[in-house]
Amino acid sequence: MKQRNYYAPHGGHPPQTQLLSDRAVFTEAYAVIPKGVFGDIVTSNLPFWEGTRLWVLARPLSGFAETFSQYIMEVAPGGGSEHPEPDTEAEGVLFVVEGEMTLTLAGERYQMQPGGYAFLPPGSDWQLRNEVDSPVHFHWVRKAYERVEGIEVPEAFVVNENDISPNEMPDTEGRWATTRFVDPVDVRHDMHVNIVTFQPGAVIPFDETHVMEHGLYVLEGKAVYHLNQDWVEVEAGDFMWLRAFCPQACYAGGPGPFRYLLYKDVNRHPKLHLGGR
């Protein structure tokens, strides 16, 4: 299995000598939450999870994320949950960035290591445990699944990034590629959680402006992003939220690849009534 370098936070607390200014930005169009924010003081706990803390990257909120929530979970040895998901209509994606964990899905056990990816449709019967002697860090992306009459709910699956060949973006000579975990035209899925890779010097050469909301967690490398006419620097461990239609482009820095875990909502009609009818 190819060795990947995914960034994971470890908490702690900055010294009193540290400058207050940082790269954190929160606007009506986008937010940047830099890795230095993820200290002990901003962790949360969840019901029915033992030996676990988490950093909440995004949650549905007026003026912020509208379609999803995203956590970085840290589960200590022996920790985990027998009742992890309280919402029977929530779908989820788990992505391991450090350590190992055991996912039990419909009675079948999966040993998940860095790069491990699980899709959990609504109503899934799943449990999670850390059965090794060091903490495990993983992303948990959650979305209220939008059912469509006549279309089946997609099935659960567990894979590893290393088992999937990236799709090169046309006309980029392999400098820009996306690792897709589901078929983009499979309309059973109403969200995609992919990995995007830019080689050093690669660019998004125009300001993308589209209906999909984004959550981007930088797994590796660094870049300069153009967000709603602002230039911001990002690096491994940073999180970006981009509102629907927020203009976005980037230059990837070096010396290694720039890679991020990308959420977007897809394959559904925009809601035309307040309250989601």
# chains A, B, ... in the order shown; residues from 1 in each chain; ligands from 1
call {"tool": "residues_around", "arguments": {"residues": "A:Phe38", "least_positions_apart": "6", "cutoff": "10 Å", "atoms": "only C-alpha atoms", "output": "number ranges by chain"}}
result
A: 8-13, 54-57, 72, 237-238
call {"tool": "write_last_selection", "arguments": {"atoms": "N, CA and C atoms", "output": "JSON list (two decimals), in the first residue's frame"}}
result
[["chain", "number", "residue", "atom", "x", "y", "z"],
["A", 8, "ALA", "N", -3.14, 15.46, 10.28],
["A", 8, "ALA", "CA", -4.13, 15.28, 11.34],
["A", 8, "ALA", "C", -3.78, 16.18, 12.52],
["A", 9, "PRO", "N", -4.75, 16.87, 13.13],
["A", 9, "PRO", "CA", -4.46, 17.71, 14.29],
["A", 9, "PRO", "C", -4.25, 16.86, 15.54],
["A", 10, "HIS", "N", -3.50, 17.41, 16.50],
["A", 10, "HIS", "CA", -3.23, 16.71, 17.76],
["A", 10, "HIS", "C", -3.53, 17.56, 18.98],
["A", 11, "GLY", "N", -4.15, 18.70, 18.77],
["A", 11, "GLY", "CA", -4.56, 19.51, 19.92],
["A", 11, "GLY", "C", -3.41, 20.26, 20.54],
["A", 12, "GLY", "N", -3.45, 20.35, 21.87],
["A", 12, "GLY", "CA", -2.49, 21.16, 22.59],
["A", 12, "GLY", "C", -3.02, 22.57, 22.78],
["A", 13, "HIS", "N", -2.13, 23.46, 23.23],
["A", 13, "HIS", "CA", -2.51, 24.85, 23.48],
["A", 13, "HIS", "C", -1.31, 25.74, 23.19],
["A", 54, "LEU", "N", -13.60, 15.61, 19.28],
["A", 54, "LEU", "CA", -13.67, 15.97, 17.88],
["A", 54, "LEU", "C", -13.57, 17.47, 17.71],
["A", 55, "TRP", "N", -13.14, 17.86, 16.51],
["A", 55, "TRP", "CA", -13.17, 19.24, 16.08],
["A", 55, "TRP", "C", -14.25, 19.38, 15.03],
["A", 56, "VAL", "N", -15.21, 20.27, 15.24],
["A", 56, "VAL", "CA", -16.28, 20.50, 14.28],
["A", 56, "VAL", "C", -15.79, 21.53, 13.26],
["A", 57, "LEU", "N", -15.67, 21.11, 12.02],
["A", 57, "LEU", "CA", -15.20, 22.00, 10.96],
["A", 57, "LEU", "C", -16.35, 22.80, 10.35],
["A", 72, "ILE", "N", -13.46, 16.36, 12.47],
["A", 72, "ILE", "CA", -12.26, 15.55, 12.60],
["A", 72, "ILE", "C", -12.38, 14.83, 13.93],
["A", 237, "GLY", "N", -3.74, 20.83, 6.81],
["A", 237, "GLY", "CA", -4.40, 21.01, 8.10],
["A", 237, "GLY", "C", -5.42, 22.11, 8.12],
["A", 238, "ASP", "N", -5.46, 22.96, 7.08],
["A", 238, "ASP", "CA", -6.46, 24.04, 7.00],
["A", 238, "ASP", "C", -7.77, 23.51, 6.43]]
call {"tool": "closest_atom_pairs", "arguments": {"of": "stretch 170-223 of chain A", "to": "stretch 255-268 of chain A", "cutoff": "6 Å", "atoms": "only C-alpha atoms", "output": "tab-separated table"}}
result
residue	atom	partner	partner_atom	distance
A:Val187	CA	A:Asn267	CA	5.6
A:Asp190	CA	A:Val266	CA	4.9
A:Met191	CA	A:Asp265	CA	4.4
A:His192	CA	A:Lys264	CA	5.5
A:Val193	CA	A:Tyr263	CA	4.5
A:Asn194	CA	A:Leu262	CA	5.2
A:Ile195	CA	A:Leu261	CA	4.6
A:Val196	CA	A:Tyr260	CA	5.5
A:Thr197	CA	A:Arg259	CA	4.5
A:Phe198	CA	A:Phe258	CA	5.1
A:Gln199	CA	A:Pro257	CA	4.6
A:Pro200	CA	A:Pro257	CA	5.5
A:Met212	CA	A:Asp265	CA	5.5
A:Glu213	CA	A:Lys264	CA	5.4
A:His214	CA	A:Lys264	CA	4.9
A:Gly215	CA	A:Tyr263	CA	5.0
A:Leu216	CA	A:Leu262	CA	4.7
A:Tyr217	CA	A:Leu261	CA	5.2
A:Val218	CA	A:Tyr260	CA	4.2
A:Leu219	CA	A:Tyr260	CA	4.9
A:Glu220	CA	A:Arg259	CA	5.1
A:Gly221	CA	A:Phe258	CA	4.3
A:Lys222	CA	A:Phe258	CA	5.6
call {"tool": "atom_distance", "arguments": {"atom1": "atom CA of A:Ser124", "atom2": "atom CA of A:Arg180"}}
result
21.8 Å
call {"tool": "residues_around", "arguments": {"residues": "stretch 24-34 of chain A", "least_positions_apart": "6", "cutoff": "6 Å", "atoms": "only C-alpha atoms", "output": "PyMOL selection string"}}
result
chain A and resi 238-243+246
call {"tool": "write_last_selection", "arguments": {"atoms": "C-alpha atoms", "output": "PDB file, in the first residue's frame"}}
result
ATOM      1  CA  ASP A 238      -6.456  24.036   6.998  1.00  0.00           C
ATOM      2  CA  PHE A 239     -10.184  23.845   6.271  1.00  0.00           C
ATOM      3  CA  MET A 240     -12.125  25.976   3.783  1.00  0.00           C
ATOM      4  CA  TRP A 241     -15.875  26.402   3.464  1.00  0.00           C
ATOM      5  CA  LEU A 242     -17.085  27.875   0.157  1.00  0.00           C
ATOM      6  CA  ARG A 243     -20.676  28.992  -0.215  1.00  0.00           C
ATOM      7  CA  CYS A 246     -18.377  31.679  -4.351  1.00  0.00           C
TER       8      CYS A 246
END
call {"tool": "closest_residue", "arguments": {"among": "A:Phe138, A:Phe245, A:Tyr251, A:Phe206", "to": "A:Tyr6", "atoms": "only C-alpha atoms"}}
result
A:Phe138
call {"tool": "closest_residue", "arguments": {"among": "A:Pro114, A:Gly201, A:Val232, A:Glu82", "to": "A:Gly174", "atoms": "only C-alpha atoms"}}
result
A:Gly201
call {"tool": "residues_around", "arguments": {"residues": "A:Asn167", "least_positions_apart": "5", "cutoff": "7 Å", "atoms": "only C-alpha atoms", "output": "list in words"}}
result
Ala177, Thr178 and Thr179 of chain A
call {"tool": "atom_distance", "arguments": {"atom1": "atom CA of A:Met73", "atom2": "atom CA of A:Gln18"}}
result
26.2 Å
call {"tool": "select_by_dssp", "arguments": {"residues": "stretch 141-254 of chain A", "states": "strand (DSSP E)", "output": "VMD selection string"}}
result
chain A and resid 141 to 144 157 to 160 167 to 168 176 to 179 191 to 198 203 to 208 214 to 220 222 to 227 230 to 235 239 to 242 248 to 252
call {"tool": "closest_residue", "arguments": {"among": "A:Arg59, A:Arg4, A:Met101, A:Arg129", "to": "A:Asn162", "atoms": "only C-alpha atoms"}}
result
A:Arg4
call {"tool": "closest_residue", "arguments": {"among": "A:Val132, A:Leu20, A:Val211, A:Leu120", "to": "A:Thr102", "atoms": "only C-alpha atoms"}}
result
A:Val132
call {"tool": "closest_residue", "arguments": {"among": "A:Glu50, A:Asp125, A:Glu108, A:Glu161", "to": "A:Asp87", "atoms": "only C-alpha atoms"}}
result
A:Asp125
call {"tool": "atom_distance", "arguments": {"atom1": "atom CA of A:Asp133", "atom2": "atom CA of A:Gln113"}}
result
13.8 Å
call {"tool": "decode", "arguments": {"residues": "stretch 63-212 of chain A", "atoms": "C-alpha atoms", "output": "PDB file, in the first residue's frame"}}
result
ATOM      1  CA  GLY A  63     -24.658  32.322   6.935  1.00  0.00           C
ATOM      2  CA  PHE A  64     -22.448  29.228   6.964  1.00  0.00           C
ATOM      3  CA  ALA A  65     -22.678  25.607   5.780  1.00  0.00           C
ATOM      4  CA  GLU A  66     -26.175  24.787   4.548  1.00  0.00           C
ATOM      5  CA  THR A  67     -26.039  21.164   3.410  1.00  0.00           C
ATOM      6  CA  PHE A  68     -23.514  19.281   5.564  1.00  0.00           C
ATOM      7  CA  SER A  69     -21.508  18.913   8.749  1.00  0.00           C
ATOM      8  CA  GLN A  70     -17.882  17.785   8.969  1.00  0.00           C
ATOM      9  CA  TYR A  71     -15.833  16.636  11.944  1.00  0.00           C
ATOM     10  CA  ILE A  72     -12.256  15.555  12.596  1.00  0.00           C
ATOM     11  CA  MET A  73     -12.635  12.691  15.057  1.00  0.00           C
ATOM     12  CA  GLU A  74      -9.933  11.587  17.501  1.00  0.00           C
ATOM     13  CA  VAL A  75     -10.603   8.210  19.128  1.00  0.00           C
ATOM     14  CA  ALA A  76      -8.267   6.933  21.850  1.00  0.00           C
ATOM     15  CA  PRO A  77      -7.254   3.276  22.215  1.00  0.00           C
ATOM     16  CA  GLY A  78     -10.308   1.310  23.319  1.00  0.00           C
ATOM     17  CA  GLY A  79     -12.641   4.150  22.374  1.00  0.00           C
ATOM     18  CA  GLY A  80     -15.438   4.266  19.863  1.00  0.00           C
ATOM     19  CA  SER A  81     -19.193   3.855  19.726  1.00  0.00           C
ATOM     20  CA  GLU A  82     -21.876   1.186  19.462  1.00  0.00           C
ATOM     21  CA  HIS A  83     -24.454   3.861  18.552  1.00  0.00           C
ATOM     22  CA  PRO A  84     -22.505   6.417  16.488  1.00  0.00           C
ATOM     23  CA  GLU A  85     -25.221   8.030  14.323  1.00  0.00           C
ATOM     24  CA  PRO A  86     -28.416   9.283  16.025  1.00  0.00           C
ATOM     25  CA  ASP A  87     -30.124  10.458  12.811  1.00  0.00           C
ATOM     26  CA  THR A  88     -31.634   7.644  10.739  1.00  0.00           C
ATOM     27  CA  GLU A  89     -31.904   9.948   7.714  1.00  0.00           C
ATOM     28  CA  ALA A  90     -28.216  10.971   7.779  1.00  0.00           C
ATOM     29  CA  GLU A  91     -25.723   9.558   5.297  1.00  0.00           C
ATOM     30  CA  GLY A  92     -22.038   9.720   6.053  1.00  0.00           C
ATOM     31  CA  VAL A  93     -18.486   9.344   4.810  1.00  0.00           C
ATOM     32  CA  LEU A  94     -15.557   8.316   7.011  1.00  0.00           C
ATOM     33  CA  PHE A  95     -11.995   8.992   5.837  1.00  0.00           C
ATOM     34  CA  VAL A  96      -8.980   7.926   7.913  1.00  0.00           C
ATOM     35  CA  VAL A  97      -5.991  10.273   8.035  1.00  0.00           C
ATOM     36  CA  GLU A  98      -3.938   8.726  10.867  1.00  0.00           C
ATOM     37  CA  GLY A  99      -3.970   5.488  12.843  1.00  0.00           C
ATOM     38  CA  GLU A 100      -6.237   2.470  12.490  1.00  0.00           C
ATOM     39  CA  MET A 101      -9.821   1.637  13.409  1.00  0.00           C
ATOM     40  CA  THR A 102     -12.304  -1.201  13.112  1.00  0.00           C
ATOM     41  CA  LEU A 103     -15.577  -0.407  11.371  1.00  0.00           C
ATOM     42  CA  THR A 104     -18.332  -2.975  11.796  1.00  0.00           C
ATOM     43  CA  LEU A 105     -20.907  -2.516   9.043  1.00  0.00           C
ATOM     44  CA  ALA A 106     -23.995  -4.751   8.958  1.00  0.00           C
ATOM     45  CA  GLY A 107     -22.048  -7.271  11.058  1.00  0.00           C
ATOM     46  CA  GLU A 108     -18.942  -7.329   8.826  1.00  0.00           C
ATOM     47  CA  ARG A 109     -15.653  -6.028  10.224  1.00  0.00           C
ATOM     48  CA  TYR A 110     -13.331  -3.737   8.226  1.00  0.00           C
ATOM     49  CA  GLN A 111      -9.840  -2.734   9.354  1.00  0.00           C
ATOM     50  CA  MET A 112      -9.460   0.853   8.137  1.00  0.00           C
ATOM     51  CA  GLN A 113      -6.033   2.477   7.819  1.00  0.00           C
ATOM     52  CA  PRO A 114      -4.915   5.880   6.426  1.00  0.00           C
ATOM     53  CA  GLY A 115      -6.665   6.445   3.113  1.00  0.00           C
ATOM     54  CA  GLY A 116      -9.560   4.238   4.204  1.00  0.00           C
ATOM     55  CA  TYR A 117     -12.947   5.500   3.012  1.00  0.00           C
ATOM     56  CA  ALA A 118     -16.432   4.309   3.989  1.00  0.00           C
ATOM     57  CA  PHE A 119     -19.771   5.447   2.589  1.00  0.00           C
ATOM     58  CA  LEU A 120     -22.676   4.931   4.999  1.00  0.00           C
ATOM     59  CA  PRO A 121     -26.190   5.385   3.581  1.00  0.00           C
ATOM     60  CA  PRO A 122     -29.036   6.511   5.848  1.00  0.00           C
ATOM     61  CA  GLY A 123     -30.182   3.867   8.302  1.00  0.00           C
ATOM     62  CA  SER A 124     -26.885   1.954   8.210  1.00  0.00           C
ATOM     63  CA  ASP A 125     -26.115  -0.455  11.027  1.00  0.00           C
ATOM     64  CA  TRP A 126     -22.544   0.444  11.942  1.00  0.00           C
ATOM     65  CA  GLN A 127     -20.201   0.589  14.934  1.00  0.00           C
ATOM     66  CA  LEU A 128     -16.634   1.794  15.323  1.00  0.00           C
ATOM     67  CA  ARG A 129     -13.776   0.887  17.669  1.00  0.00           C
ATOM     68  CA  ASN A 130     -10.089   1.710  18.052  1.00  0.00           C
ATOM     69  CA  GLU A 131      -8.534  -1.679  18.821  1.00  0.00           C
ATOM     70  CA  VAL A 132      -4.881  -0.599  18.591  1.00  0.00           C
ATOM     71  CA  ASP A 133      -2.608   1.151  21.089  1.00  0.00           C
ATOM     72  CA  SER A 134      -2.504   4.631  19.501  1.00  0.00           C
ATOM     73  CA  PRO A 135      -5.209   7.203  18.638  1.00  0.00           C
ATOM     74  CA  VAL A 136      -6.974   7.219  15.304  1.00  0.00           C
ATOM     75  CA  HIS A 137      -7.943  10.405  13.445  1.00  0.00           C
ATOM     76  CA  PHE A 138     -10.610  10.415  10.752  1.00  0.00           C
ATOM     77  CA  HIS A 139     -13.013  12.771   9.009  1.00  0.00           C
ATOM     78  CA  TRP A 140     -16.740  12.243   9.375  1.00  0.00           C
ATOM     79  CA  VAL A 141     -18.887  14.056   6.802  1.00  0.00           C
ATOM     80  CA  ARG A 142     -22.663  13.958   7.410  1.00  0.00           C
ATOM     81  CA  LYS A 143     -25.564  15.040   5.223  1.00  0.00           C
ATOM     82  CA  ALA A 144     -29.350  14.655   5.410  1.00  0.00           C
ATOM     83  CA  TYR A 145     -30.020  12.319   2.504  1.00  0.00           C
ATOM     84  CA  GLU A 146     -32.489  13.685  -0.052  1.00  0.00           C
ATOM     85  CA  ARG A 147     -34.710  10.802  -1.103  1.00  0.00           C
ATOM     86  CA  VAL A 148     -36.262  10.754  -4.570  1.00  0.00           C
ATOM     87  CA  GLU A 149     -39.316   8.617  -5.297  1.00  0.00           C
ATOM     88  CA  GLY A 150     -38.398   5.846  -7.709  1.00  0.00           C
ATOM     89  CA  ILE A 151     -34.624   6.031  -7.017  1.00  0.00           C
ATOM     90  CA  GLU A 152     -33.020   3.568  -4.621  1.00  0.00           C
ATOM     91  CA  VAL A 153     -30.703   4.626  -1.796  1.00  0.00           C
ATOM     92  CA  PRO A 154     -27.074   3.747  -2.683  1.00  0.00           C
ATOM     93  CA  GLU A 155     -25.443   0.827  -0.911  1.00  0.00           C
ATOM     94  CA  ALA A 156     -22.673   1.086   1.676  1.00  0.00           C
ATOM     95  CA  PHE A 157     -19.063   0.398   0.692  1.00  0.00           C
ATOM     96  CA  VAL A 158     -15.549   0.484   2.165  1.00  0.00           C
ATOM     97  CA  VAL A 159     -12.425   1.123   0.043  1.00  0.00           C
ATOM     98  CA  ASN A 160      -9.001   2.725   0.282  1.00  0.00           C
ATOM     99  CA  GLU A 161      -7.765   5.679  -1.763  1.00  0.00           C
ATOM    100  CA  ASN A 162      -4.805   3.588  -2.911  1.00  0.00           C
ATOM    101  CA  ASP A 163      -7.163   1.184  -4.681  1.00  0.00           C
ATOM    102  CA  ILE A 164      -8.630   3.887  -6.952  1.00  0.00           C
ATOM    103  CA  SER A 165      -6.935   5.439  -9.975  1.00  0.00           C
ATOM    104  CA  PRO A 166      -7.299   9.249 -10.105  1.00  0.00           C
ATOM    105  CA  ASN A 167      -9.111  10.793 -13.061  1.00  0.00           C
ATOM    106  CA  GLU A 168      -6.981  13.415 -14.803  1.00  0.00           C
ATOM    107  CA  MET A 169      -8.653  16.703 -15.624  1.00  0.00           C
ATOM    108  CA  PRO A 170      -8.666  17.114 -19.441  1.00  0.00           C
ATOM    109  CA  ASP A 171      -5.955  19.340 -20.963  1.00  0.00           C
ATOM    110  CA  THR A 172      -3.870  19.490 -17.763  1.00  0.00           C
ATOM    111  CA  GLU A 173      -1.209  16.857 -18.645  1.00  0.00           C
ATOM    112  CA  GLY A 174      -1.894  15.069 -15.360  1.00  0.00           C
ATOM    113  CA  ARG A 175      -1.163  18.103 -13.191  1.00  0.00           C
ATOM    114  CA  TRP A 176      -4.745  18.183 -11.843  1.00  0.00           C
ATOM    115  CA  ALA A 177      -6.590  14.960 -10.964  1.00  0.00           C
ATOM    116  CA  THR A 178      -9.538  13.796  -8.867  1.00  0.00           C
ATOM    117  CA  THR A 179      -9.885  10.524  -6.971  1.00  0.00           C
ATOM    118  CA  ARG A 180     -13.609   9.738  -7.259  1.00  0.00           C
ATOM    119  CA  PHE A 181     -15.147   7.243  -4.865  1.00  0.00           C
ATOM    120  CA  VAL A 182     -18.535   7.094  -6.632  1.00  0.00           C
ATOM    121  CA  ASP A 183     -19.614   7.435 -10.257  1.00  0.00           C
ATOM    122  CA  PRO A 184     -20.440  11.127 -10.889  1.00  0.00           C
ATOM    123  CA  VAL A 185     -23.510  10.196 -12.966  1.00  0.00           C
ATOM    124  CA  ASP A 186     -24.971   7.861 -10.320  1.00  0.00           C
ATOM    125  CA  VAL A 187     -27.932  10.023  -9.235  1.00  0.00           C
ATOM    126  CA  ARG A 188     -28.576   7.824  -6.209  1.00  0.00           C
ATOM    127  CA  HIS A 189     -25.789   9.843  -4.586  1.00  0.00           C
ATOM    128  CA  ASP A 190     -26.625  13.402  -3.523  1.00  0.00           C
ATOM    129  CA  MET A 191     -23.129  14.213  -2.266  1.00  0.00           C
ATOM    130  CA  HIS A 192     -19.590  13.537  -3.430  1.00  0.00           C
ATOM    131  CA  VAL A 193     -16.593  13.366  -1.112  1.00  0.00           C
ATOM    132  CA  ASN A 194     -13.506  13.122  -3.320  1.00  0.00           C
ATOM    133  CA  ILE A 195      -9.780  13.818  -3.153  1.00  0.00           C
ATOM    134  CA  VAL A 196      -8.316  16.438  -5.480  1.00  0.00           C
ATOM    135  CA  THR A 197      -4.582  16.464  -6.269  1.00  0.00           C
ATOM    136  CA  PHE A 198      -2.571  19.279  -7.855  1.00  0.00           C
ATOM    137  CA  GLN A 199       1.077  18.846  -8.739  1.00  0.00           C
ATOM    138  CA  PRO A 200       3.385  21.757  -7.824  1.00  0.00           C
ATOM    139  CA  GLY A 201       2.648  24.740 -10.053  1.00  0.00           C
ATOM    140  CA  ALA A 202      -0.712  23.407 -11.257  1.00  0.00           C
ATOM    141  CA  VAL A 203      -3.650  25.812 -11.302  1.00  0.00           C
ATOM    142  CA  ILE A 204      -7.386  26.127 -11.505  1.00  0.00           C
ATOM    143  CA  PRO A 205      -7.071  28.652 -14.357  1.00  0.00           C
ATOM    144  CA  PHE A 206     -10.419  30.398 -13.898  1.00  0.00           C
ATOM    145  CA  ASP A 207     -12.748  31.415 -11.080  1.00  0.00           C
ATOM    146  CA  GLU A 208     -15.116  28.473 -10.720  1.00  0.00           C
ATOM    147  CA  THR A 209     -18.589  29.784  -9.888  1.00  0.00           C
ATOM    148  CA  HIS A 210     -21.188  27.062  -9.357  1.00  0.00           C
ATOM    149  CA  VAL A 211     -24.165  25.905  -7.343  1.00  0.00           C
ATOM    150  CA  MET A 212     -22.309  23.258  -5.319  1.00  0.00           C
TER     151      MET A 212
END
